[in-house]
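Undergrad: Structure incoming, see below.
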Amino acid sequence: MATAQQNKKMVKGGPAYPMLVRPYAIRRISRETYDTFTYELTPPRGSGGVSFAPGQFNMLYVYGVGEVPISISGDPAKPQALVHTARIVGAVTKGIKRLKVGDSLGVRGPYGSSWPVEEAVGRDVVLVTGGIGLAPLRPVIYYLLINREKYGRIVLLYGARTPEDMLYTGELERWRGRFDLDVRVTVDRATGSWRGNVAVVTQLIKPAPFDPMHCIALVCGPEIMMRFTILDLEKRGVDYDRIYVSVERNMKCGIGLCGHCQLGPTFVCKDGPVYRYSDIRTIFTKREV
Amino acid sequence: MENIERILKEHPFLEGMDEKHIKLLVGCASNVVFKAGEYIFREGEEADKFYFIRHGKVLVETFIPQKGPVIIRSRHEGEIFGWSWLVPPYKWHFDARAVELTRAIALDGKCLRGKCEEDHDLGYEIMKRFALIIAERLEATRLQLLDIYGNSSTK
Ligand SMILES: Cc1cc2nc3c(=O)[nH]c(=O)nc-3n(C[C@H](O)[C@H](O)[C@H](O)COP(=O)(O)OP(=O)(O)OC[C@H]3O[C@@H](n4cnc5c(N)ncnc54)[C@H](O)[C@@H]3O)c2cc1C
Ligand code: FES
């Protein structure tokens, strides 16, 4: 089985000058929810896009404000258009929100490990995600769909707080229309006209159609949601070494130098953010690590 | 009745239950159909049944003044809903509404309570199974309360 290190080998090239910030221009901004926006960026004139593997992130730099790690949420087959989805929570993301089409945003990366798309070949793939967690998983969905014949059943289980908090609603609708992708969406609460599921995302796991003995599970969302998801995957019979999670920690350098993002003996920026759950289980469930 | 017996026998909720106990359940069971939009029960009414959904979808709701109906849970094919028949004062705490044509098997709570009193083995089997469902729902409710996704468009 592939380790997180081996997953990193998928990344073609990687940044030649890892600390170099490249000025990208904002080509398009789409509003996903009241506090979450998707930014399509174009590379500096004369330079090509940088290829990335699903699950990797970039450090985005708002000039004069600061830098934040944000996962790449676009299609790995189209690296020319760099896509990020950011939820506006604090100083730097508020700085991103102030930018307009045509403005410049500094980018360095891509960094980190990726989802185990090679290890998943020939297996069912179940993606369990909640809230903004769909953004880091979207590239892997694009990848799986382009390489559809290599995989068994693909099941996407997505939870949001309310229908108004769901990302990529148009795309979810299109994916739901496909016969080769099983998309199940749920919200924690809803009013009036909502006719879909109302339940926490973990409750979609029990009835979902996948082979628990051979599947690969990719889990991304708030840490508490991931912990409960893992319990329910375990109840279905999915082993820890076939569960992958994406972990978030505060970052500074993004390249394994400063120690800001330490998770036990690992650095999330370099050994993560995607980890095989069995590799970090003991530290993942420990408090204040 | 034969059809009901077969459906109950095959339902995961009753997996492993004795044939004679299933037969006792069948004695309290009936087929029911709800049209889209029809209320199955309303808050405060006597809770005299629980349901095995065969097809369709049911929303469990509550009414919040100035906000209207808020959906708390959806229930789907293969699921069971309603456990207020099991605990006094046997009243529904929420509304339940079919959002599409829904077929279900209804188990009469009063009838079942009587049979559980007469046959404690049956009572234990039923309690064990409902304890699992109630525990699952409690865990889900806790997660809902934790509000794990943080801020929302509809605070
Ligand atoms: C590998 C990695 C990938 C990430 N991918 C994405 C992504 O694709 N999209 C995205 O929107 N975010 C993503 N994040 C989270 C993002 O980096 C943070 O939200 C960001 O750093 C916040 O910076 P800020 O200056 O805007 O807020 P700060 O000023 O640092 O924080 C403001 C407030 O927001 C809270 N906050 C900070 N970070 C988070 C968080 N992660 N979740 C919830 N609340 C938080 C703080 O506790 C504080 O209350 C990722 C993080 C990592 C480590
Ligand atoms: S951010 Fe510096 S080591 Fe990870």
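Just so we're on the same page: first chain in the structure tokens is A, next is B, and so on; residues restart at 1 for each chain, and ligands are numbered from 1 in the order they show up.
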Got a sec to check which residues lie within 7 Å of ligand 1, using only C-alpha atoms and all ligand atoms, and send them as a PDB file with all heavy atoms, in the first residue's frame?
TA:
ATOM      1  N   PHE A  57      -2.034  21.869  -1.548  1.00  0.00           N
ATOM      2  CA  PHE A  57      -2.459  23.242  -1.262  1.00  0.00           C
ATOM      3  C   PHE A  57      -1.392  24.228  -1.718  1.00  0.00           C
ATOM      4  O   PHE A  57      -0.250  23.842  -1.992  1.00  0.00           O
ATOM      5  CB  PHE A  57      -2.733  23.402   0.242  1.00  0.00           C
ATOM      6  CG  PHE A  57      -1.495  23.282   1.096  1.00  0.00           C
ATOM      7  CD1 PHE A  57      -0.778  24.409   1.487  1.00  0.00           C
ATOM      8  CD2 PHE A  57      -1.023  22.037   1.511  1.00  0.00           C
ATOM      9  CE1 PHE A  57       0.368  24.302   2.272  1.00  0.00           C
ATOM     10  CE2 PHE A  57       0.124  21.919   2.295  1.00  0.00           C
ATOM     11  CZ  PHE A  57       0.829  23.059   2.669  1.00  0.00           C
ATOM     12  N   VAL A  68      -1.879  32.512   3.735  1.00  0.00           N
ATOM     13  CA  VAL A  68      -2.643  31.395   4.308  1.00  0.00           C
ATOM     14  C   VAL A  68      -2.581  30.169   3.391  1.00  0.00           C
ATOM     15  O   VAL A  68      -2.512  30.311   2.168  1.00  0.00           O
ATOM     16  CB  VAL A  68      -4.141  31.747   4.514  1.00  0.00           C
ATOM     17  CG1 VAL A  68      -4.331  32.577   5.763  1.00  0.00           C
ATOM     18  CG2 VAL A  68      -4.749  32.425   3.299  1.00  0.00           C
ATOM     19  N   PRO A  69      -2.598  28.964   3.993  1.00  0.00           N
ATOM     20  CA  PRO A  69      -2.667  27.763   3.162  1.00  0.00           C
ATOM     21  C   PRO A  69      -4.105  27.536   2.703  1.00  0.00           C
ATOM     22  O   PRO A  69      -5.024  27.556   3.522  1.00  0.00           O
ATOM     23  CB  PRO A  69      -2.244  26.650   4.134  1.00  0.00           C
ATOM     24  CG  PRO A  69      -2.580  27.161   5.492  1.00  0.00           C
ATOM     25  CD  PRO A  69      -2.507  28.656   5.434  1.00  0.00           C
ATOM     26  N   ILE A  70      -4.289  27.355   1.411  1.00  0.00           N
ATOM     27  CA  ILE A  70      -5.628  27.065   0.870  1.00  0.00           C
ATOM     28  C   ILE A  70      -5.470  25.939  -0.148  1.00  0.00           C
ATOM     29  O   ILE A  70      -4.609  25.999  -1.033  1.00  0.00           O
ATOM     30  CB  ILE A  70      -6.259  28.311   0.184  1.00  0.00           C
ATOM     31  CG1 ILE A  70      -6.373  29.502   1.159  1.00  0.00           C
ATOM     32  CG2 ILE A  70      -7.613  27.971  -0.438  1.00  0.00           C
ATOM     33  CD1 ILE A  70      -7.459  29.427   2.205  1.00  0.00           C
ATOM     34  N   SER A  71      -6.289  24.925  -0.040  1.00  0.00           N
ATOM     35  CA  SER A  71      -6.212  23.777  -0.953  1.00  0.00           C
ATOM     36  C   SER A  71      -6.567  24.191  -2.368  1.00  0.00           C
ATOM     37  O   SER A  71      -7.354  25.114  -2.569  1.00  0.00           O
ATOM     38  CB  SER A  71      -7.202  22.693  -0.518  1.00  0.00           C
ATOM     39  OG  SER A  71      -6.945  22.329   0.802  1.00  0.00           O
ATOM     40  N   ILE A  72      -6.034  23.454  -3.303  1.00  0.00           N
ATOM     41  CA  ILE A  72      -6.400  23.706  -4.700  1.00  0.00           C
ATOM     42  C   ILE A  72      -7.717  22.967  -4.944  1.00  0.00           C
ATOM     43  O   ILE A  72      -7.833  21.783  -4.605  1.00  0.00           O
ATOM     44  CB  ILE A  72      -5.289  23.212  -5.648  1.00  0.00           C
ATOM     45  CG1 ILE A  72      -3.953  23.862  -5.242  1.00  0.00           C
ATOM     46  CG2 ILE A  72      -5.639  23.524  -7.106  1.00  0.00           C
ATOM     47  CD1 ILE A  72      -2.739  23.300  -5.946  1.00  0.00           C
ATOM     48  N   SER A  73      -8.700  23.682  -5.479  1.00  0.00           N
ATOM     49  CA  SER A  73     -10.016  23.048  -5.637  1.00  0.00           C
ATOM     50  C   SER A  73     -10.383  22.832  -7.100  1.00  0.00           C
ATOM     51  O   SER A  73     -11.501  22.445  -7.406  1.00  0.00           O
ATOM     52  CB  SER A  73     -11.095  23.888  -4.947  1.00  0.00           C
ATOM     53  OG  SER A  73     -11.221  25.146  -5.572  1.00  0.00           O
ATOM     54  N   HIS A  84      -9.017  28.116  -6.338  1.00  0.00           N
ATOM     55  CA  HIS A  84      -9.061  27.974  -4.885  1.00  0.00           C
ATOM     56  C   HIS A  84     -10.432  28.393  -4.381  1.00  0.00           C
ATOM     57  O   HIS A  84     -11.005  29.352  -4.898  1.00  0.00           O
ATOM     58  CB  HIS A  84      -8.015  28.879  -4.220  1.00  0.00           C
ATOM     59  CG  HIS A  84      -6.614  28.393  -4.381  1.00  0.00           C
ATOM     60  ND1 HIS A  84      -6.105  27.366  -3.639  1.00  0.00           N
ATOM     61  CD2 HIS A  84      -5.623  28.794  -5.204  1.00  0.00           C
ATOM     62  CE1 HIS A  84      -4.843  27.163  -3.988  1.00  0.00           C
ATOM     63  NE2 HIS A  84      -4.518  28.014  -4.950  1.00  0.00           N
ATOM     64  N   THR A  85     -10.904  27.694  -3.359  1.00  0.00           N
ATOM     65  CA  THR A  85     -12.164  28.091  -2.725  1.00  0.00           C
ATOM     66  C   THR A  85     -11.846  28.466  -1.288  1.00  0.00           C
ATOM     67  O   THR A  85     -11.316  27.630  -0.540  1.00  0.00           O
ATOM     68  CB  THR A  85     -13.174  26.931  -2.782  1.00  0.00           C
ATOM     69  OG1 THR A  85     -13.373  26.590  -4.159  1.00  0.00           O
ATOM     70  CG2 THR A  85     -14.503  27.335  -2.146  1.00  0.00           C
ATOM     71  N   ALA A  86     -12.140  29.692  -0.912  1.00  0.00           N
ATOM     72  CA  ALA A  86     -11.751  30.165   0.425  1.00  0.00           C
ATOM     73  C   ALA A  86     -12.966  30.623   1.216  1.00  0.00           C
ATOM     74  O   ALA A  86     -13.836  31.314   0.697  1.00  0.00           O
ATOM     75  CB  ALA A  86     -10.754  31.305   0.303  1.00  0.00           C
ATOM     76  N   ARG A  87     -12.956  30.197   2.453  1.00  0.00           N
ATOM     77  CA  ARG A  87     -13.980  30.668   3.379  1.00  0.00           C
ATOM     78  C   ARG A  87     -13.396  31.847   4.150  1.00  0.00           C
ATOM     79  O   ARG A  87     -12.269  31.773   4.651  1.00  0.00           O
ATOM     80  CB  ARG A  87     -14.346  29.528   4.307  1.00  0.00           C
ATOM     81  CG  ARG A  87     -15.436  29.881   5.236  1.00  0.00           C
ATOM     82  CD  ARG A  87     -15.977  28.616   5.854  1.00  0.00           C
ATOM     83  NE  ARG A  87     -16.801  28.996   6.961  1.00  0.00           N
ATOM     84  CZ  ARG A  87     -16.891  28.325   8.095  1.00  0.00           C
ATOM     85  NH1 ARG A  87     -16.208  27.218   8.257  1.00  0.00           N
ATOM     86  NH2 ARG A  87     -17.671  28.740   9.030  1.00  0.00           N
ATOM     87  N   ILE A  88     -14.155  32.909   4.234  1.00  0.00           N
ATOM     88  CA  ILE A  88     -13.639  34.139   4.827  1.00  0.00           C
ATOM     89  C   ILE A  88     -13.821  34.067   6.337  1.00  0.00           C
ATOM     90  O   ILE A  88     -14.958  34.083   6.831  1.00  0.00           O
ATOM     91  CB  ILE A  88     -14.398  35.368   4.250  1.00  0.00           C
ATOM     92  CG1 ILE A  88     -14.469  35.283   2.711  1.00  0.00           C
ATOM     93  CG2 ILE A  88     -13.777  36.667   4.733  1.00  0.00           C
ATOM     94  CD1 ILE A  88     -13.158  35.044   2.000  1.00  0.00           C
ATOM     95  N   VAL A  89     -12.703  33.934   7.060  1.00  0.00           N
ATOM     96  CA  VAL A  89     -12.809  33.802   8.515  1.00  0.00           C
ATOM     97  C   VAL A  89     -12.026  34.871   9.281  1.00  0.00           C
ATOM     98  O   VAL A  89     -12.430  35.277  10.361  1.00  0.00           O
ATOM     99  CB  VAL A  89     -12.376  32.397   9.017  1.00  0.00           C
ATOM    100  CG1 VAL A  89     -13.329  31.326   8.558  1.00  0.00           C
ATOM    101  CG2 VAL A  89     -10.949  32.077   8.633  1.00  0.00           C
ATOM    102  N   GLY A  90     -10.892  35.316   8.768  1.00  0.00           N
ATOM    103  CA  GLY A  90     -10.057  36.235   9.549  1.00  0.00           C
ATOM    104  C   GLY A  90      -9.257  37.172   8.670  1.00  0.00           C
ATOM    105  O   GLY A  90      -9.606  37.401   7.503  1.00  0.00           O
ATOM    106  N   ALA A  91      -8.160  37.674   9.226  1.00  0.00           N
ATOM    107  CA  ALA A  91      -7.416  38.779   8.599  1.00  0.00           C
ATOM    108  C   ALA A  91      -7.064  38.507   7.131  1.00  0.00           C
ATOM    109  O   ALA A  91      -7.389  39.300   6.250  1.00  0.00           O
ATOM    110  CB  ALA A  91      -6.150  39.036   9.415  1.00  0.00           C
ATOM    111  N   VAL A  92      -6.404  37.381   6.863  1.00  0.00           N
ATOM    112  CA  VAL A  92      -5.902  37.173   5.496  1.00  0.00           C
ATOM    113  C   VAL A  92      -7.049  36.832   4.534  1.00  0.00           C
ATOM    114  O   VAL A  92      -7.117  37.370   3.420  1.00  0.00           O
ATOM    115  CB  VAL A  92      -4.813  36.070   5.474  1.00  0.00           C
ATOM    116  CG1 VAL A  92      -4.312  35.859   4.051  1.00  0.00           C
ATOM    117  CG2 VAL A  92      -3.664  36.439   6.400  1.00  0.00           C
ATOM    118  N   THR A  93      -7.944  35.975   4.973  1.00  0.00           N
ATOM    119  CA  THR A  93      -9.044  35.624   4.061  1.00  0.00           C
ATOM    120  C   THR A  93      -9.948  36.844   3.816  1.00  0.00           C
ATOM    121  O   THR A  93     -10.491  36.999   2.722  1.00  0.00           O
ATOM    122  CB  THR A  93      -9.840  34.404   4.580  1.00  0.00           C
ATOM    123  OG1 THR A  93     -10.121  34.590   5.965  1.00  0.00           O
ATOM    124  CG2 THR A  93      -9.065  33.121   4.379  1.00  0.00           C
ATOM    125  N   LYS A  94     -10.049  37.730   4.815  1.00  0.00           N
ATOM    126  CA  LYS A  94     -10.796  38.989   4.583  1.00  0.00           C
ATOM    127  C   LYS A  94     -10.068  39.833   3.544  1.00  0.00           C
ATOM    128  O   LYS A  94     -10.694  40.510   2.728  1.00  0.00           O
ATOM    129  CB  LYS A  94     -10.964  39.779   5.887  1.00  0.00           C
ATOM    130  CG  LYS A  94     -12.141  39.275   6.699  1.00  0.00           C
ATOM    131  CD  LYS A  94     -12.333  40.082   7.960  1.00  0.00           C
ATOM    132  CE  LYS A  94     -13.436  39.448   8.788  1.00  0.00           C
ATOM    133  NZ  LYS A  94     -13.262  39.667  10.214  1.00  0.00           N
ATOM    134  N   ILE A 132     -16.702  23.195   4.111  1.00  0.00           N
ATOM    135  CA  ILE A 132     -15.667  23.623   3.159  1.00  0.00           C
ATOM    136  C   ILE A 132     -14.790  22.441   2.725  1.00  0.00           C
ATOM    137  O   ILE A 132     -14.042  22.523   1.753  1.00  0.00           O
ATOM    138  CB  ILE A 132     -14.822  24.768   3.782  1.00  0.00           C
ATOM    139  CG1 ILE A 132     -13.789  25.368   2.812  1.00  0.00           C
ATOM    140  CG2 ILE A 132     -14.124  24.320   5.048  1.00  0.00           C
ATOM    141  CD1 ILE A 132     -14.372  26.340   1.863  1.00  0.00           C
ATOM    142  N   ALA A 135     -14.010  21.336  -0.897  1.00  0.00           N
ATOM    143  CA  ALA A 135     -13.052  22.027  -1.780  1.00  0.00           C
ATOM    144  C   ALA A 135     -11.782  21.195  -2.009  1.00  0.00           C
ATOM    145  O   ALA A 135     -11.402  20.942  -3.150  1.00  0.00           O
ATOM    146  CB  ALA A 135     -12.734  23.409  -1.229  1.00  0.00           C
ATOM    147  N   PRO A 136     -11.107  20.705  -0.951  1.00  0.00           N
ATOM    148  CA  PRO A 136      -9.896  19.903  -1.182  1.00  0.00           C
ATOM    149  C   PRO A 136     -10.184  18.556  -1.843  1.00  0.00           C
ATOM    150  O   PRO A 136      -9.273  17.924  -2.375  1.00  0.00           O
ATOM    151  CB  PRO A 136      -9.350  19.673   0.242  1.00  0.00           C
ATOM    152  CG  PRO A 136     -10.009  20.703   1.092  1.00  0.00           C
ATOM    153  CD  PRO A 136     -11.323  21.004   0.470  1.00  0.00           C
ATOM    154  N   VAL A 247      -5.772  16.901   7.115  1.00  0.00           N
ATOM    155  CA  VAL A 247      -5.658  17.557   8.418  1.00  0.00           C
ATOM    156  C   VAL A 247      -5.239  19.015   8.225  1.00  0.00           C
ATOM    157  O   VAL A 247      -4.434  19.332   7.349  1.00  0.00           O
ATOM    158  CB  VAL A 247      -4.591  16.824   9.278  1.00  0.00           C
ATOM    159  CG1 VAL A 247      -4.377  17.524  10.600  1.00  0.00           C
ATOM    160  CG2 VAL A 247      -5.013  15.375   9.501  1.00  0.00           C
ATOM    161  N   GLU A 248      -5.792  19.903   9.045  1.00  0.00           N
ATOM    162  CA  GLU A 248      -5.407  21.320   8.976  1.00  0.00           C
ATOM    163  C   GLU A 248      -4.675  21.750  10.236  1.00  0.00           C
ATOM    164  O   GLU A 248      -5.085  21.399  11.339  1.00  0.00           O
ATOM    165  CB  GLU A 248      -6.655  22.204   8.835  1.00  0.00           C
ATOM    166  CG  GLU A 248      -7.241  22.186   7.450  1.00  0.00           C
ATOM    167  CD  GLU A 248      -8.357  23.211   7.286  1.00  0.00           C
ATOM    168  OE1 GLU A 248      -8.526  24.068   8.176  1.00  0.00           O
ATOM    169  OE2 GLU A 248      -9.055  23.111   6.276  1.00  0.00           O
ATOM    170  N   ARG A 249      -3.610  22.463  10.073  1.00  0.00           N
ATOM    171  CA  ARG A 249      -2.905  23.090  11.187  1.00  0.00           C
ATOM    172  C   ARG A 249      -2.432  24.463  10.712  1.00  0.00           C
ATOM    173  O   ARG A 249      -2.229  24.658   9.512  1.00  0.00           O
ATOM    174  CB  ARG A 249      -1.671  22.257  11.620  1.00  0.00           C
ATOM    175  CG  ARG A 249      -1.993  20.976  12.374  1.00  0.00           C
ATOM    176  CD  ARG A 249      -2.611  21.264  13.744  1.00  0.00           C
ATOM    177  NE  ARG A 249      -2.931  20.051  14.485  1.00  0.00           N
ATOM    178  CZ  ARG A 249      -4.067  19.374  14.407  1.00  0.00           C
ATOM    179  NH1 ARG A 249      -5.013  19.758  13.583  1.00  0.00           N
ATOM    180  NH2 ARG A 249      -4.280  18.295  15.150  1.00  0.00           N
ATOM    181  N   ASN A 250      -2.240  25.384  11.645  1.00  0.00           N
ATOM    182  CA  ASN A 250      -1.720  26.702  11.250  1.00  0.00           C
ATOM    183  C   ASN A 250      -0.353  26.530  10.597  1.00  0.00           C
ATOM    184  O   ASN A 250       0.433  25.693  11.029  1.00  0.00           O
ATOM    185  CB  ASN A 250      -1.570  27.609  12.469  1.00  0.00           C
ATOM    186  CG  ASN A 250      -2.917  28.098  12.948  1.00  0.00           C
ATOM    187  OD1 ASN A 250      -3.879  28.102  12.169  1.00  0.00           O
ATOM    188  ND2 ASN A 250      -2.995  28.486  14.201  1.00  0.00           N
ATOM    189  N   MET A 251      -0.090  27.329   9.588  1.00  0.00           N
ATOM    190  CA  MET A 251       1.186  27.187   8.864  1.00  0.00           C
ATOM    191  C   MET A 251       1.889  28.521   8.705  1.00  0.00           C
ATOM    192  O   MET A 251       1.253  29.572   8.729  1.00  0.00           O
ATOM    193  CB  MET A 251       0.900  26.597   7.486  1.00  0.00           C
ATOM    194  CG  MET A 251       0.494  25.149   7.557  1.00  0.00           C
ATOM    195  SD  MET A 251       0.304  24.439   5.942  1.00  0.00           S
ATOM    196  CE  MET A 251      -0.232  22.810   6.416  1.00  0.00           C
ATOM    197  N   CYS A 269       2.455  20.352   6.650  1.00  0.00           N
ATOM    198  CA  CYS A 269       2.715  20.965   5.338  1.00  0.00           C
ATOM    199  C   CYS A 269       3.499  20.040   4.416  1.00  0.00           C
ATOM    200  O   CYS A 269       3.438  20.168   3.194  1.00  0.00           O
ATOM    201  CB  CYS A 269       3.452  22.286   5.517  1.00  0.00           C
ATOM    202  SG  CYS A 269       5.099  22.117   6.207  1.00  0.00           S
ATOM    203  N   PRO A 273      -1.094  17.467   3.837  1.00  0.00           N
ATOM    204  CA  PRO A 273      -2.232  17.379   4.765  1.00  0.00           C
ATOM    205  C   PRO A 273      -2.974  16.052   4.693  1.00  0.00           C
ATOM    206  O   PRO A 273      -3.702  15.716   5.609  1.00  0.00           O
ATOM    207  CB  PRO A 273      -3.140  18.535   4.311  1.00  0.00           C
ATOM    208  CG  PRO A 273      -2.820  18.733   2.864  1.00  0.00           C
ATOM    209  CD  PRO A 273      -1.361  18.405   2.715  1.00  0.00           C
TER     210      PRO A 273
END
Undergrad: How would you write, as number ranges by chain, the set of residues no farther than 7 Å from ligand 2 when counting only C-alpha atoms and all ligand atoms?
TA: A: 251-262, 267-270
Undergrad: Show me, as a ChimeraX atom specification, the residues of chain A whose atoms get within 10 Å of chain B, using only C-alpha atoms for the distance check.
TA: /A:33-35,89,130-133,159-166,186-203,207,221-225,228
Undergrad: Generate the output file for the selected residues, C-alpha atoms, as a short mmCIF file (atom, residue, chain, number, x, y, z; two decimals), in the first residue's frame.
TA:
data_model
loop_
_atom_site.label_atom_id
_atom_site.label_comp_id
_atom_site.auth_asym_id
_atom_site.auth_seq_id
_atom_site.Cartn_x
_atom_site.Cartn_y
_atom_site.Cartn_z
CA THR A 33 -22.17 30.86 -0.05
CA TYR A 34 -22.43 34.06 1.96
CA ASP A 35 -18.85 33.59 3.29
CA VAL A 89 -12.81 33.80 8.51
CA GLY A 130 -18.62 18.29 5.18
CA GLY A 131 -18.71 22.06 4.85
CA ILE A 132 -15.67 23.62 3.16
CA GLY A 133 -14.12 20.10 3.12
CA GLY A 159 -22.98 17.32 4.47
CA ALA A 160 -23.55 21.00 5.07
CA ARG A 161 -25.18 22.94 7.84
CA THR A 162 -28.12 24.19 5.74
CA PRO A 163 -28.96 24.11 2.01
CA GLU A 164 -27.64 27.70 1.77
CA ASP A 165 -24.22 26.55 3.04
CA MET A 166 -23.59 24.02 0.28
CA THR A 186 -27.50 16.06 3.45
CA VAL A 187 -27.98 19.11 5.63
CA ASP A 188 -28.09 19.38 9.41
CA ARG A 189 -31.23 21.49 9.28
CA ALA A 190 -33.57 22.95 6.72
CA THR A 191 -36.78 24.85 6.40
CA GLY A 192 -39.76 24.83 4.06
CA SER A 193 -38.99 23.86 0.51
CA TRP A 194 -35.97 21.56 1.01
CA ARG A 195 -36.86 18.05 -0.10
CA GLY A 196 -33.49 16.38 0.34
CA ASN A 197 -31.92 14.59 3.30
CA VAL A 198 -31.85 16.14 6.74
CA ALA A 199 -29.31 14.26 8.85
CA VAL A 200 -25.69 14.60 9.87
CA VAL A 201 -23.31 13.38 7.16
CA THR A 202 -22.17 10.37 9.19
CA GLN A 203 -25.66 8.92 8.88
CA PRO A 207 -26.83 2.88 3.76
CA GLY A 221 -14.02 18.24 6.90
CA PRO A 222 -13.92 19.67 10.40
CA GLU A 223 -11.87 17.40 12.67
CA ILE A 224 -14.83 16.45 14.84
CA MET A 225 -16.79 15.41 11.75
CA PHE A 228 -17.28 10.54 13.89
#
Undergrad: Counting only C-alpha atoms, figure out which residue out of B:Ile133, B:Ile126, B:Leu138, B:Ala104 gets nearest to Ile40 of chain B.
TA: B:Ala104
Undergrad: Just list the residues in segment 107-163 of chain A DSSP gives strand (DSSP E) on the backbone, as a tab-separated table (two decimals) with N, CA, C and O atoms, in the first residue's frame.
TA:
chain	number	residue	atom	x	y	z
A	107	VAL	N	1.17	33.58	-4.99
A	107	VAL	CA	0.96	32.14	-4.85
A	107	VAL	C	2.30	31.44	-4.75
A	107	VAL	O	3.20	31.70	-5.55
A	108	ARG	N	2.47	30.59	-3.74
A	108	ARG	CA	3.61	29.66	-3.79
A	108	ARG	C	3.12	28.27	-3.44
A	108	ARG	O	2.21	28.09	-2.64
A	109	GLY	N	3.74	27.31	-4.10
A	109	GLY	CA	3.30	25.92	-3.95
A	109	GLY	C	3.35	25.25	-5.30
A	109	GLY	O	3.97	25.79	-6.22
A	110	PRO	N	2.71	24.13	-5.53
A	110	PRO	CA	1.87	23.42	-4.55
A	110	PRO	C	2.70	22.62	-3.55
A	110	PRO	O	3.81	22.19	-3.86
A	111	TYR	N	2.10	22.42	-2.39
A	111	TYR	CA	2.78	21.72	-1.31
A	111	TYR	C	1.93	20.54	-0.81
A	111	TYR	O	0.71	20.51	-0.96
A	125	VAL	N	-14.49	3.81	-4.25
A	125	VAL	CA	-13.96	4.98	-3.55
A	125	VAL	C	-15.13	5.70	-2.90
A	125	VAL	O	-16.10	6.05	-3.56
A	126	VAL	N	-15.03	5.88	-1.59
A	126	VAL	CA	-16.09	6.61	-0.90
A	126	VAL	C	-15.49	7.89	-0.33
A	126	VAL	O	-14.46	7.87	0.35
A	127	LEU	N	-16.11	9.01	-0.70
A	127	LEU	CA	-15.62	10.32	-0.26
A	127	LEU	C	-16.64	10.88	0.74
A	127	LEU	O	-17.81	11.00	0.40
A	128	VAL	N	-16.17	11.15	1.94
A	128	VAL	CA	-17.08	11.69	2.95
A	128	VAL	C	-16.59	13.07	3.33
A	128	VAL	O	-15.43	13.23	3.73
A	129	THR	N	-17.45	14.05	3.17
A	129	THR	CA	-16.99	15.41	3.38
A	129	THR	C	-18.08	16.31	3.94
A	129	THR	O	-19.26	16.03	3.78
A	130	GLY	N	-17.65	17.37	4.61
A	130	GLY	CA	-18.62	18.29	5.18
A	130	GLY	C	-18.12	19.71	5.09
A	130	GLY	O	-16.91	19.97	5.15
A	154	ILE	N	-18.10	4.85	-7.17
A	154	ILE	CA	-17.63	6.10	-6.55
A	154	ILE	C	-18.82	6.73	-5.84
A	154	ILE	O	-19.85	6.99	-6.47
A	155	VAL	N	-18.66	6.92	-4.55
A	155	VAL	CA	-19.77	7.44	-3.74
A	155	VAL	C	-19.31	8.71	-3.04
A	155	VAL	O	-18.29	8.71	-2.35
A	156	LEU	N	-20.05	9.80	-3.25
A	156	LEU	CA	-19.73	11.07	-2.59
A	156	LEU	C	-20.82	11.37	-1.56
A	156	LEU	O	-21.99	11.49	-1.92
A	157	LEU	N	-20.43	11.47	-0.30
A	157	LEU	CA	-21.37	11.80	0.77
A	157	LEU	C	-20.99	13.19	1.28
A	157	LEU	O	-19.88	13.38	1.78
A	158	TYR	N	-21.90	14.14	1.14
A	158	TYR	CA	-21.56	15.53	1.46
A	158	TYR	C	-22.58	16.14	2.42
A	158	TYR	O	-23.78	16.07	2.16
A	159	GLY	N	-22.09	16.69	3.50
A	159	GLY	CA	-22.98	17.32	4.47
A	159	GLY	C	-22.68	18.80	4.63
A	159	GLY	O	-21.52	19.22	4.59
A	160	ALA	N	-23.72	19.58	4.80
A	160	ALA	CA	-23.55	21.00	5.07
A	160	ALA	C	-24.52	21.38	6.18
A	160	ALA	O	-25.41	20.61	6.52
Undergrad: Pick out the closest residue to Arg97 of chain B from this set: B:Asp119, B:Glu77, B:Glu46, B:Glu38. Count only C-alpha atoms.
TA: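 Answer, going by the shortest atom-to-atom distance: B:Glu38.
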Undergrad: As a ChimeraX atom specification, please: the residues near Tyr151 of chain A (cut-off 9 Å, only C-alpha atoms, same-chain neighbours under 3 positions excluded).
TA: /A:120-125,144,147-148,154
Undergrad: Would you kindly return, as a PyMOL selection string, each protein, DNA or RNA residue with an atom no farther than 12 Å from any atom of Leu233 of chain A, considering only C-alpha atoms and excluding same-chain residues fewer than 6 positions away?
TA: chain A and resi 126-128+201-208+210-213+215-219+226-227+239-244+277
Undergrad: Taking only C-alpha atoms into account, which of B:Val33, B:Ile64, B:Ile22, B:Leu86 comes nearest Ala106 of chain B?
TA: B:Val33
Undergrad: Taking 6 positions as the minimum chain separation for residues in the same chain, which residues sit within 12 Å of Glu10 of chain B when counting only C-alpha atoms? Answer as a ChimeraX atom specification.
TA: /B:3-4,16-17,19,22,52,54,78
Undergrad: Can I get the selected residues back with C-alpha atoms, as a short mmCIF file (atom, residue, chain, number, x, y, z; two decimals), in the first residue's frame?
TA:
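Wrote it out as part_14.cif, contents follow:
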data_model
loop_
_atom_site.label_atom_id
_atom_site.label_comp_id
_atom_site.auth_asym_id
_atom_site.auth_seq_id
_atom_site.Cartn_x
_atom_site.Cartn_y
_atom_site.Cartn_z
CA ASN B 3 -46.62 -10.04 2.51
CA ILE B 4 -46.22 -8.10 5.78
CA GLY B 16 -32.34 -12.69 14.27
CA MET B 17 -35.79 -12.41 15.83
CA GLU B 19 -40.36 -16.65 14.02
CA ILE B 22 -42.38 -12.00 14.22
CA PHE B 52 -41.27 0.71 8.63
CA ARG B 54 -41.23 0.62 2.35
CA GLY B 78 -35.84 0.90 4.75
#
